[in-house]
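Reproduced below: input_23.txt, with compact mmCIF, C-alpha atoms and all ligand atoms.
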```txt
# COMPACT_ATOMS: atom_id res chain seq x y z
CA MET X 1 1.76 228.32 275.05
CA GLN X 2 4.01 229.99 277.55
CA ARG X 3 3.81 229.17 281.24
CA ARG X 4 3.27 232.20 283.47
CA ASP X 5 2.31 231.11 286.90
CA PHE X 6 4.85 229.25 288.93
CA ILE X 7 5.43 228.97 292.62
CA ILE X 8 7.76 227.84 295.36
CA ARG X 9 6.58 224.95 297.49
CA SER X 10 8.06 221.71 298.57
CA GLY X 11 6.40 218.64 299.98
CA THR X 12 3.94 216.21 298.57
CA ILE X 13 0.65 214.70 299.53
CA LEU X 14 1.74 211.31 300.81
CA THR X 15 4.03 210.19 303.54
CA ALA X 16 6.27 207.25 302.59
CA ALA X 17 9.23 205.15 303.50
CA ALA X 18 12.57 206.88 302.93
CA PHE X 19 13.78 206.76 299.38
CA THR X 20 16.61 204.24 299.07
CA GLY X 21 18.49 205.78 296.18
CA MET X 22 18.08 205.38 292.45
CA PHE X 23 21.61 205.66 291.21
CA GLY X 24 23.43 203.95 293.99
CA LYS X 25 26.99 205.25 293.43
CA SER X 26 28.78 207.82 295.49
CA ASN X 27 29.58 211.19 293.93
CA GLU X 28 33.28 210.71 294.57
CA LEU X 29 33.26 207.56 292.47
CA LEU X 30 31.26 209.17 289.72
CA ALA X 31 32.97 212.50 289.44
CA PRO X 32 36.54 212.36 288.21
CA ALA X 33 35.96 215.29 285.78
CA TYR X 34 33.08 216.99 284.05
CA ASN X 35 31.49 214.27 281.93
CA SER X 36 28.15 212.92 280.84
CA ASN X 37 26.25 210.99 283.47
CA GLU X 38 22.67 210.02 284.11
CA ASN X 39 21.59 213.62 283.48
CA THR X 40 22.80 213.75 279.94
CA SER X 41 23.13 210.15 278.86
CA SER X 42 19.44 209.63 279.63
CA LYS X 43 18.67 212.79 277.63
CA LYS X 44 17.19 214.56 280.62
CA ARG X 45 19.43 217.52 279.91
CA PRO X 46 21.27 218.91 276.90
CA ASP X 47 24.74 217.43 276.36
CA PRO X 48 27.51 220.00 275.73
CA ASN X 49 29.17 217.53 273.35
CA ASP X 50 26.23 217.92 270.95
CA PHE X 51 27.22 221.54 270.20
CA GLU X 52 30.06 223.09 268.19
CA GLN X 53 30.03 226.74 269.30
CA PRO X 54 31.87 227.25 272.61
CA VAL X 55 29.11 229.54 273.87
CA LEU X 56 26.47 226.84 273.33
CA LYS X 57 28.63 224.22 275.00
CA ALA X 58 29.00 226.56 277.98
CA ILE X 59 25.24 227.20 278.08
CA ALA X 60 24.58 223.44 278.00
CA ILE X 61 26.68 223.14 281.17
CA GLY X 62 25.23 226.31 282.76
CA ILE X 63 21.65 225.08 282.60
CA ASN X 64 22.44 222.33 285.09
CA ALA X 65 22.01 225.17 287.59
CA PRO X 66 19.23 225.18 290.16
CA SER X 67 16.34 227.59 289.67
CA PRO X 68 13.29 228.33 291.80
CA HIS X 69 11.18 225.25 291.32
CA ASN X 70 12.93 224.41 288.14
CA THR X 71 11.41 227.32 286.25
CA GLN X 72 14.68 227.83 284.31
CA SER X 73 13.69 231.42 283.66
CA TRP X 74 16.68 232.04 281.38
CA LYS X 75 16.83 233.57 277.88
CA PHE X 76 20.04 233.74 275.88
CA LYS X 77 20.92 235.99 272.97
CA ILE X 78 24.01 234.65 271.22
CA LEU X 79 26.30 237.51 270.17
CA SER X 80 29.18 235.46 268.75
CA ASP X 81 30.80 232.03 269.09
CA THR X 82 32.10 233.12 272.49
CA SER X 83 29.70 235.77 273.82
CA MET X 84 26.08 236.09 274.87
CA TYR X 85 23.49 238.07 276.80
CA LEU X 86 21.57 236.42 279.65
CA TYR X 87 18.04 237.69 280.37
CA VAL X 88 15.38 236.44 282.74
CA ASN X 89 12.37 235.13 280.85
CA GLU X 90 9.58 237.61 281.59
CA HIS X 91 6.99 234.96 280.67
CA ILE X 92 8.25 232.54 283.32
CA LEU X 93 7.95 234.38 286.62
CA LEU X 94 6.43 233.47 289.99
CA PRO X 95 4.07 236.39 290.59
CA ALA X 96 2.25 234.92 293.61
CA THR X 97 5.19 233.57 295.61
CA ASP X 98 8.01 235.74 294.31
CA PRO X 99 6.34 239.13 293.65
CA PRO X 100 9.60 241.09 293.15
CA ALA X 101 11.13 238.25 291.04
CA ARG X 102 13.99 238.17 293.52
CA GLN X 103 14.29 234.39 293.47
CA ILE X 104 14.04 234.37 289.70
CA HIS X 105 17.13 236.61 289.62
CA ILE X 106 18.89 234.38 292.14
CA GLY X 107 18.25 231.64 289.58
CA ALA X 108 19.94 233.81 286.94
CA GLY X 109 22.97 234.07 289.24
CA CYS X 110 22.94 230.30 289.68
CA PHE X 111 23.12 229.92 285.90
CA ILE X 112 26.01 232.40 285.63
CA GLU X 113 28.15 230.65 288.23
CA THR X 114 27.47 227.19 286.79
CA LEU X 115 28.40 228.44 283.32
CA VAL X 116 31.55 230.18 284.54
CA ILE X 117 32.77 227.08 286.39
CA GLY X 118 31.74 224.84 283.49
CA ALA X 119 33.43 227.01 280.85
CA GLY X 120 36.69 226.44 282.72
CA THR X 121 36.46 222.74 281.84
CA LEU X 122 36.29 223.79 278.16
CA ALA X 123 39.46 225.85 278.73
CA TYR X 124 37.65 229.21 278.71
CA ASN X 125 37.67 232.08 281.18
CA SER X 126 34.42 234.01 281.47
CA MET X 127 34.08 237.75 281.79
CA VAL X 128 30.73 238.67 283.35
CA THR X 129 29.39 242.22 283.02
CA TYR X 130 26.25 242.75 285.11
CA PHE X 131 23.32 244.73 283.69
CA PRO X 132 25.27 246.16 280.71
CA GLU X 133 22.27 248.24 279.58
CA GLY X 134 21.15 249.28 283.10
CA TYR X 135 18.29 247.66 285.03
CA GLU X 136 15.77 249.68 287.00
CA SER X 137 12.49 247.92 287.51
CA ALA X 138 10.19 245.08 286.46
CA LYS X 139 9.74 246.69 283.06
CA ASP X 140 13.33 245.68 282.28
CA PHE X 141 12.73 241.98 282.99
CA GLY X 142 13.36 240.10 279.77
CA MET X 143 14.05 243.36 277.90
CA LYS X 144 17.47 244.24 279.25
CA PRO X 145 20.19 241.68 279.90
CA VAL X 146 21.05 240.62 283.42
CA ALA X 147 24.58 239.92 282.23
CA LYS X 148 26.87 239.88 279.25
CA ILE X 149 29.14 236.84 279.31
CA GLU X 150 32.30 236.74 277.18
CA LEU X 151 34.53 233.67 276.93
CA SER X 152 38.25 233.86 276.28
CA LYS X 153 40.84 231.08 276.02
CA ALA X 154 42.15 230.14 279.45
CA SER X 155 45.55 228.97 280.50
CA ALA X 156 44.64 228.29 284.14
CA LYS X 157 43.21 225.03 285.44
CA ALA X 158 39.44 224.59 285.76
CA ASP X 159 37.78 225.38 289.09
CA GLY X 160 38.03 222.54 291.61
CA LEU X 161 34.24 222.55 291.94
CA SER X 162 33.67 221.80 288.23
CA PRO X 163 33.53 217.98 288.56
CA TYR X 164 30.41 218.33 290.70
CA ILE X 165 28.18 220.37 288.36
CA ASN X 166 26.57 217.30 286.90
CA PHE X 167 25.95 215.70 290.29
CA ARG X 168 24.58 218.60 292.30
CA GLN X 169 20.93 218.25 293.03
CA THR X 170 18.29 219.53 295.42
CA ASN X 171 17.54 216.66 297.76
CA ARG X 172 14.19 216.76 299.58
CA GLN X 173 14.46 213.34 301.22
CA GLU X 174 14.89 212.77 304.93
CA TYR X 175 18.49 213.31 306.03
CA ASN X 176 20.43 210.92 308.23
CA GLY X 177 23.62 210.68 310.29
CA PRO X 178 25.11 213.20 312.70
CA LEU X 179 24.69 216.97 312.74
CA ILE X 180 26.96 218.96 310.44
CA SER X 181 29.81 220.20 312.63
CA ASN X 182 31.31 223.68 312.74
CA SER X 183 34.52 222.37 311.19
CA GLU X 184 32.57 220.69 308.36
CA PHE X 185 30.89 224.03 307.72
CA GLU X 186 34.24 225.82 307.73
CA SER X 187 35.65 223.43 305.14
CA LEU X 188 32.52 223.94 303.00
CA GLN X 189 33.10 227.68 303.16
CA GLN X 190 36.73 227.21 302.24
CA LEU X 191 35.82 225.06 299.27
CA SER X 192 33.21 227.52 298.03
CA GLY X 193 35.47 230.57 298.45
CA LYS X 194 34.65 234.19 299.16
CA ALA X 195 30.92 234.93 299.08
CA HIS X 196 29.04 238.16 298.31
CA SER X 197 26.39 237.48 300.97
CA ASN X 198 27.04 236.66 304.61
CA LEU X 199 26.41 233.08 305.65
CA ILE X 200 24.75 232.12 308.92
CA PHE X 201 25.27 228.53 310.08
CA ILE X 202 22.92 226.95 312.60
CA ASN X 203 23.51 223.47 314.02
CA ASN X 204 21.75 223.67 317.39
CA ASN X 205 18.59 225.13 318.96
CA PHE X 206 16.66 224.34 315.79
CA GLN X 207 13.18 224.47 317.32
CA PRO X 208 12.27 228.16 316.77
CA TYR X 209 13.38 227.85 313.12
CA PHE X 210 11.50 224.60 312.62
CA ASN X 211 8.35 226.18 314.04
CA LEU X 212 8.64 229.16 311.73
CA PHE X 213 9.46 227.14 308.60
CA LYS X 214 6.48 224.89 309.22
CA THR X 215 4.16 227.86 309.79
CA ALA X 216 5.44 229.50 306.61
CA PHE X 217 4.86 226.31 304.63
CA GLU X 218 1.31 226.12 306.00
CA ILE X 219 0.69 229.73 304.99
CA GLU X 220 1.93 229.05 301.49
CA SER X 221 -0.18 225.89 301.21
CA ASN X 222 -3.33 227.56 302.51
CA THR X 223 -3.01 230.68 300.38
CA PHE X 224 -4.94 229.87 297.24
CA ASN X 225 -2.81 231.84 294.77
CA THR X 226 0.49 230.41 295.93
CA ASN X 227 -0.84 226.87 296.22
CA GLU X 228 -2.37 227.18 292.77
CA GLU X 229 0.95 228.31 291.32
CA THR X 230 2.51 225.10 292.59
CA ARG X 231 -0.22 223.03 291.00
CA LYS X 232 0.41 224.65 287.64
CA LEU X 233 4.08 223.93 287.99
CA PHE X 234 3.68 220.28 288.94
CA ARG X 235 4.35 217.54 286.38
CA PHE X 236 2.30 214.44 287.09
CA SER X 237 3.99 211.72 285.00
CA GLU X 238 7.38 210.89 283.48
CA GLN X 239 5.89 211.71 280.08
CA GLN X 240 4.93 215.22 281.23
CA ARG X 241 8.35 215.73 282.80
CA ALA X 242 10.11 214.64 279.60
CA GLU X 243 7.84 216.78 277.40
CA THR X 244 8.07 220.00 279.40
CA GLY X 245 11.62 219.52 280.75
CA ASP X 246 10.85 221.68 283.78
CA GLY X 247 8.82 221.95 286.97
CA LEU X 248 8.43 219.88 290.12
CA SER X 249 7.11 216.38 290.62
CA ILE X 250 6.62 213.53 293.04
CA PRO X 251 9.97 211.82 292.31
CA GLN X 252 11.74 215.16 292.79
CA MET X 253 10.22 215.06 296.29
CA GLY X 254 12.14 211.82 296.88
CA TYR X 255 9.60 209.08 296.11
CA HIS X 256 10.23 206.11 293.85
CA GLY X 257 8.76 202.71 293.02
CA ILE X 258 5.28 201.98 294.28
CA MET X 259 5.14 205.07 296.49
CA LYS X 260 5.83 207.28 293.49
CA HIS X 261 2.95 205.68 291.61
CA LEU X 262 0.58 205.93 294.56
CA ALA X 263 1.41 209.57 295.14
CA GLU X 264 1.12 210.47 291.45
CA ASN X 265 -2.19 208.63 291.16
CA SER X 266 -3.59 210.34 294.22
CA LEU X 267 -2.81 213.70 292.64
CA ASP X 268 -5.14 212.69 289.80
CA ASN X 269 -3.25 214.58 287.13
CA GLY X 270 -3.46 217.82 289.06
CA ASN X 271 -7.19 217.77 289.81
CA LYS X 272 -7.80 221.24 291.26
CA GLU X 273 -10.27 220.24 293.94
CA LYS X 274 -8.06 217.43 295.27
CA TRP X 275 -4.94 219.57 295.19
CA HIS X 276 -6.51 222.32 297.30
CA SER X 277 -8.40 220.01 299.67
CA PRO X 278 -7.58 220.25 303.42
CA LYS X 279 -6.63 216.58 303.37
CA SER X 280 -4.00 217.01 300.66
CA ILE X 281 -2.61 220.08 302.34
CA GLN X 282 -2.48 218.32 305.70
CA LEU X 283 -0.58 215.35 304.25
CA SER X 284 1.78 217.66 302.43
CA VAL X 285 2.53 219.58 305.65
CA LYS X 286 3.12 216.29 307.46
CA HIS X 287 5.67 215.21 304.87
CA PHE X 288 7.31 218.64 304.99
CA GLU X 289 7.62 218.44 308.77
CA LYS X 290 9.10 214.93 308.72
CA CYS X 291 11.90 216.10 306.41
CA LEU X 292 12.34 219.38 308.30
CA LEU X 293 12.94 217.50 311.55
CA SER X 294 15.72 215.50 309.88
CA SER X 295 17.77 218.67 309.16
CA LYS X 296 21.42 218.37 310.18
CA ALA X 297 22.10 222.10 309.87
CA ILE X 298 20.51 225.25 308.50
CA VAL X 299 22.42 227.69 306.31
CA VAL X 300 21.15 231.20 305.60
CA TRP X 301 22.45 233.78 303.07
CA VAL X 302 22.01 237.41 304.10
CA SER X 303 22.99 240.33 301.88
CA ASN X 304 23.79 243.82 303.20
CA SER X 305 21.31 245.39 300.78
CA ASN X 306 18.58 244.06 298.51
CA THR X 307 19.44 245.15 294.97
CA PHE X 308 19.19 243.26 291.67
CA GLU X 309 22.93 242.74 291.89
CA ASP X 310 22.62 241.27 295.41
CA TRP X 311 20.12 238.76 294.05
CA VAL X 312 22.29 237.65 291.14
CA LYS X 313 25.47 237.49 293.21
CA THR X 314 23.75 235.47 295.94
CA GLY X 315 22.75 232.98 293.25
CA ARG X 316 26.42 232.65 292.39
CA ASP X 317 27.23 232.12 296.08
CA TYR X 318 24.53 229.50 296.36
CA VAL X 319 25.86 227.44 293.46
CA ARG X 320 29.40 227.49 294.82
CA PHE X 321 28.22 226.36 298.22
CA SER X 322 25.97 223.67 296.69
CA LEU X 323 28.86 222.29 294.63
CA ALA X 324 31.04 222.26 297.75
CA LEU X 325 28.27 220.30 299.49
CA THR X 326 28.16 217.85 296.57
CA LYS X 327 31.92 217.39 296.76
CA GLN X 328 31.63 216.53 300.46
CA ASN X 329 28.67 214.17 299.87
CA PHE X 330 26.13 216.47 301.53
CA TYR X 331 22.85 217.74 300.14
CA ALA X 332 20.75 220.85 300.50
CA HIS X 333 17.02 221.55 300.38
CA PRO X 334 15.93 225.20 300.26
CA TYR X 335 13.21 226.40 302.65
CA ASN X 336 12.45 229.85 301.32
CA GLN X 337 8.77 230.15 302.21
CA ALA X 338 9.30 232.40 305.25
CA ILE X 339 11.25 235.05 303.33
CA GLN X 340 8.83 235.45 300.44
CA GLU X 341 7.42 238.90 299.85
CA TYR X 342 3.64 238.45 299.60
CA ASP X 343 1.28 239.94 302.21
CA GLU X 344 0.15 236.71 303.87
CA MET X 345 3.80 235.96 304.77
CA LYS X 346 4.50 239.34 306.39
CA THR X 347 4.29 238.22 310.03
CA ALA X 348 6.39 235.09 309.52
CA ARG X 349 8.93 237.10 307.54
CA GLU X 350 9.28 239.66 310.34
CA GLU X 351 9.54 236.95 313.00
CA LEU X 352 12.37 235.29 311.11
CA ASN X 353 14.16 238.62 310.68
CA ASN X 354 13.92 239.15 314.45
CA LEU X 355 15.09 235.64 315.22
CA LEU X 356 18.16 236.07 313.01
CA GLY X 357 18.83 239.67 314.09
CA ILE X 358 18.48 241.08 310.58
CA LYS X 359 19.15 244.82 310.56
CA GLY X 360 18.20 247.84 308.46
CA GLY X 361 18.64 247.20 304.76
CA GLU X 362 19.81 243.58 305.14
CA LYS X 363 17.81 240.86 303.43
CA ILE X 364 17.68 237.09 303.89
CA GLN X 365 18.08 235.78 300.33
CA MET X 366 18.15 232.02 300.76
CA ILE X 367 17.63 229.38 303.48
CA VAL X 368 18.48 225.69 303.19
CA ARG X 369 18.57 222.66 305.38
CA VAL X 370 21.67 220.52 304.92
CA GLY X 371 22.42 216.86 305.58
CA ARG X 372 23.41 213.45 304.27
CA SER X 373 21.14 211.27 302.17
CA SER X 374 21.12 208.90 299.22
CA PRO X 375 20.98 210.52 295.75
CA SER X 376 17.54 211.55 294.58
CA TYR X 377 15.78 211.69 291.19
CA PHE X 378 17.51 214.06 288.74
CA SER X 379 15.34 216.86 287.42
CA TYR X 380 14.95 217.61 283.70
CA ARG X 381 16.05 220.66 281.77
CA ARG X 382 14.47 222.00 278.58
CA LYS X 383 16.01 221.54 275.12
CA LEU X 384 18.71 224.11 274.55
CA ASP X 385 17.07 225.85 271.58
CA THR X 386 14.03 226.76 273.71
CA TYR X 387 16.13 229.27 275.67
CA LEU X 388 17.54 231.07 272.62
CA VAL X 389 16.18 234.41 271.40
CA LYS X 390 17.14 236.61 268.44
C1 LIG V 1 16.31 230.84 294.29
C2 LIG V 1 15.88 229.42 294.53
C3 LIG V 1 14.84 229.17 295.44
C4 LIG V 1 14.44 227.86 295.69
N1 LIG V 1 13.47 227.64 296.63
C5 LIG V 1 13.09 226.37 296.91
C6 LIG V 1 12.16 226.12 297.98
O1 LIG V 1 11.71 227.03 298.67
N2 LIG V 1 11.82 224.82 298.21
C7 LIG V 1 12.33 223.79 297.49
O2 LIG V 1 11.98 222.64 297.74
N3 LIG V 1 13.24 224.00 296.49
C8 LIG V 1 13.62 225.26 296.20
N4 LIG V 1 14.58 225.48 295.23
C9 LIG V 1 15.18 224.35 294.51
C10 LIG V 1 14.63 224.20 293.10
O3 LIG V 1 13.32 223.74 293.14
C11 LIG V 1 15.52 223.27 292.28
O4 LIG V 1 16.74 223.91 292.08
C12 LIG V 1 14.92 222.92 290.94
O5 LIG V 1 13.76 222.16 291.10
C13 LIG V 1 15.90 222.13 290.06
O6 LIG V 1 16.30 220.96 290.70
P1 LIG V 1 17.82 220.67 291.05
O7 LIG V 1 18.27 221.71 292.03
O8 LIG V 1 17.80 219.30 291.65
O9 LIG V 1 18.61 220.73 289.78
C14 LIG V 1 15.04 226.78 294.98
C15 LIG V 1 16.06 227.04 294.06
C16 LIG V 1 16.49 228.34 293.84
C17 LIG V 1 17.60 228.62 292.88
```
Please express the file's structure as structure tokens.
Amino acid sequence: MQRRDFIIRSGTILTAAAFTGMFGKSNELLAPAYNSNENTSSKKRPDPNDFEQPVLKAIAIGINAPSPHNTQSWKFKILSDTSMYLYVNEHILLPATDPPARQIHIGAGCFIETLVIGAGTLAYNSMVTYFPEGYESAKDFGMKPVAKIELSKASAKADGLSPYINFRQTNRQEYNGPLISNSEFESLQQLSGKAHSNLIFINNNFQPYFNLFKTAFEIESNTFNTNEETRKLFRFSEQQRAETGDGLSIPQMGYHGIMKHLAENSLDNGNKEKWHSPKSIQLSVKHFEKCLLSSKAIVVWVSNSNTFEDWVKTGRDYVRFSLALTKQNFYAHPYNQAIQEYDEMKTAREELNNLLGIKGGEKIQMIVRVGRSSPSYFSYRRKLDTYLVK
């Protein structure tokens, strides 16, 4: 059966002591070059070494990319040993929280950039042609490719961000240490290179943003359709996570050990009544707020227009910035609730636009909090053949 209804929401229903770190080693120590680590050696994600065709090896690296709530809405048509089409998967969209499928297409961009950087480690350059058959509206989702990707033998060295692909992760734990400074942000921008979208960096006067992000999270949690999408996306045990290879879960929220078990038990395998109860929502908001208050900076991506291409290219920006963060031992946690395009969010969306001085056709595409933390639980990916179409 195909999953249709997914959603964006972070947070969980219990508050707990800060997660102390499952893997215990610093990224610098672990990342001399692209190699297998906990992600692949534990079989949580496909291993590029298991494939012969260069294009499949590149895909196996590309799917380490982030995607809105780990939906992995990617379909690949293999054209040759070194070329492919990328589509979004029209059966895996987020209709309640992401009505235009904007974030889904950002996820497609995240895949492209991860593949392109990863292919460099296999000694391939990638040529990316956006929307080679045109792309006009939702009727093209899954029918027309978002991109054609062609690999050719490279002579140049791999991208300096490539060692971090396998270590990048969304980290929803509390952050610690000092604020991220302007000069730290500048070096992150330098490491990530030229971006398509404009980046806004905020490291003081957080309060109006915190208020808005919390309100937006409350709206999302109290809107039945969006909250229900999250429930359908949640995986309530390690067995479910391993079987589906996607979605969100308690450990992805930063819990481990006894707290993970308590939280998973309290969710009662996704019992609908408990999930939507005021008590669960209240606890979830409390957890959200605790992490929000630990933000050490906020980064916002704003595009000059709001086209399909803006979405995909912002996804590429986001991956580059996330890998730069990983290199510098920082983490990010997206807070996209306030920019989502459903009716209940309209007021919050407009308030945020005013606060950030967004003009005319500009669009906020992505918002994250940034900070330092210990590594968190690594999310699964699906088996590679599940993404392939004829
Ligand atoms: C476009 C986009 C939007 C996202 N929005 C949120 C969000 O609002 N809240 C959140 O907690 N995570 C968000 N995420 C992070 C995903 O949930 C995460 O990438 C996914 O679960 C896979 O985990 P990983 O990033 O650790 O590999 C977003 C990711 C993308 C690409």
TODO: Give the residues close to ligand LIG 1 (chain V), within 7 Å, counting all atoms listed in the file; write them as a VMD selection string.
DONE: chain X and resid 8 to 10 64 to 70 103 to 104 106 to 107 110 168 to 172 247 to 248 315 333 to 337 366 378 to 379
Task: Point (17.3, 229.9, 269.8), cut-off 9 Å, counting only C-alpha atoms, residues as an MDAnalysis selection string - done: chainID X and resid 75:78 384:390
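All residues that come within 7 Å of the coordinates (20.6, 237.8, 293.9), counting only C-alpha atoms, are given as X:Arg102, X:His105, X:Ile106, X:Gly109, X:Phe308, X:Glu309, X:Asp310, X:Trp311, X:Val312, X:Lys313, X:Thr314, X:Gly315.
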Open item on the list: Show me, as a PyMOL selection string, the residues that have an atom within 8 Å of X:Met84 when counting only C-alpha atoms, minus same-chain residues fewer than 2 positions from it.
Closed with: chain X and resi 55+76-80+82+86+148-150
Stretch 253-319 of chain X residues near stretch 187-199 of chain X within 9 Å, closest pair each, using all atoms listed in the file, as a tab-separated table:
```
residue	atom	partner	partner_atom	distance
X:Val299	CA	X:Leu199	CA	6.7
X:Val300	CA	X:Leu199	CA	5.6
X:Trp301	CA	X:Leu199	CA	4.8
X:Val302	CA	X:Asn198	CA	5.1
X:Ser303	CA	X:Ser197	CA	4.5
X:Asn304	CA	X:Ser197	CA	7.2
X:Asp310	CA	X:His196	CA	7.7
X:Lys313	CA	X:His196	CA	6.3
X:Thr314	CA	X:Ser197	CA	6.0
X:Arg316	CA	X:Ala195	CA	8.4
X:Asp317	CA	X:Ala195	CA	5.5
X:Tyr318	CA	X:Ala195	CA	8.8
X:Val319	CA	X:Ser192	CA	8.7
```
Task: Best match for closeness to X:His276 among X:Asp159, X:Glu351, X:Thr223, X:Phe321, counting only C-alpha atoms - done: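 Of the candidates, the smallest distance to X:His276 is held by X:Thr223.
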Task: Which residue of X:Ser322, X:Thr307, X:Thr347, X:Ile92 approaches X:Gly361 most closely, using only C-alpha atoms - done: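 Closest to X:Gly361 of all the choices is X:Thr307.
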TODO: Can you work out the spacing between atom CA of X:Arg231 and atom CA of X:Lys272 in Å, to one decimal?
DONE: 7.8 Å
Task: Which of X:Glu220, X:Leu325, X:Pro208, X:Ile358 sits closest to X:Phe185 [using only C-alpha atoms] - done: X:Leu325
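Reported to one decimal place, the separation of atom CA of X:Ile165 from atom CA of X:Ser376 is 15.2 Å.
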Task: Coordinates-based distance that separates atom CA of X:Met345 from atom CA of X:Ser137 (Å, one decimal) - done: 22.7 Å
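With only C-alpha atoms as the atoms that count, the minimum distance from X:Ser126 to the choices X:Phe206, X:Ile59, X:Asn49, X:Leu212 is reached by X:Ile59.
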Task: Distance criterion (all atoms listed in the file): nearest to X:Gln340 out of X:Glu52, X:Glu228, X:Glu243, X:Asp98 - done: X:Asp98
If you take every atom of stretch 127-132 of chain X that the file lists and fit an axis-aligned box around them with 3 Å extra on each side, what centre and edge lengths come out in Å to one decimal, as AutoDock Vina command-line options?
```
--center_x 28.7 --center_y 242.0 --center_z 282.9 --size_x 16.8 --size_y 14.4 --size_z 10.4
```
TODO: Identify which of the residues X:Lys44, X:Lys290, X:Lys144, X:Arg349 lies closest to X:Asn89, counting all atoms listed in the file when measuring atom-to-atom distances.
DONE: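 For X:Asn89, the nearest of the given residues is X:Lys144.
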- [ ] Would you mind listing what lies within 8 Å of X:Lys153 as a ChimeraX atom specification, with only C-alpha atoms counted and same-chain residues fewer than 3 positions away left out?
- [x] /X:123-125
Can you write just those residues out, C-alpha atoms, as a compact mmCIF listing (two decimals), in the coordinates of the input?
```txt
# COMPACT_ATOMS: atom_id res chain seq x y z
CA ALA X 123 39.46 225.85 278.73
CA TYR X 124 37.65 229.21 278.71
CA ASN X 125 37.67 232.08 281.18
```
Open item on the list: Neighbouring residues of X:Pro178 were defined as those with any atom within 9 Å, considering only C-alpha atoms; residues of the same chain fewer than 3 positions away were excluded. Please report them as a VMD selection string.
Closed with: chain X and resid 181 296 371 to 372
TODO: Excluding X:Ile339 and residues on its chain fewer than 4 positions from it, collect all residues at most 9 Å away from it, counting all atoms listed in the file, and give them as a list in words.
DONE: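 Everything that qualifies: Ala216, Tyr335, Met345, Lys346, Ala348, Arg349, Glu350, Leu352, Asn353, Lys363, Ile364, Gln365, Met366 and Ile367 of chain X.
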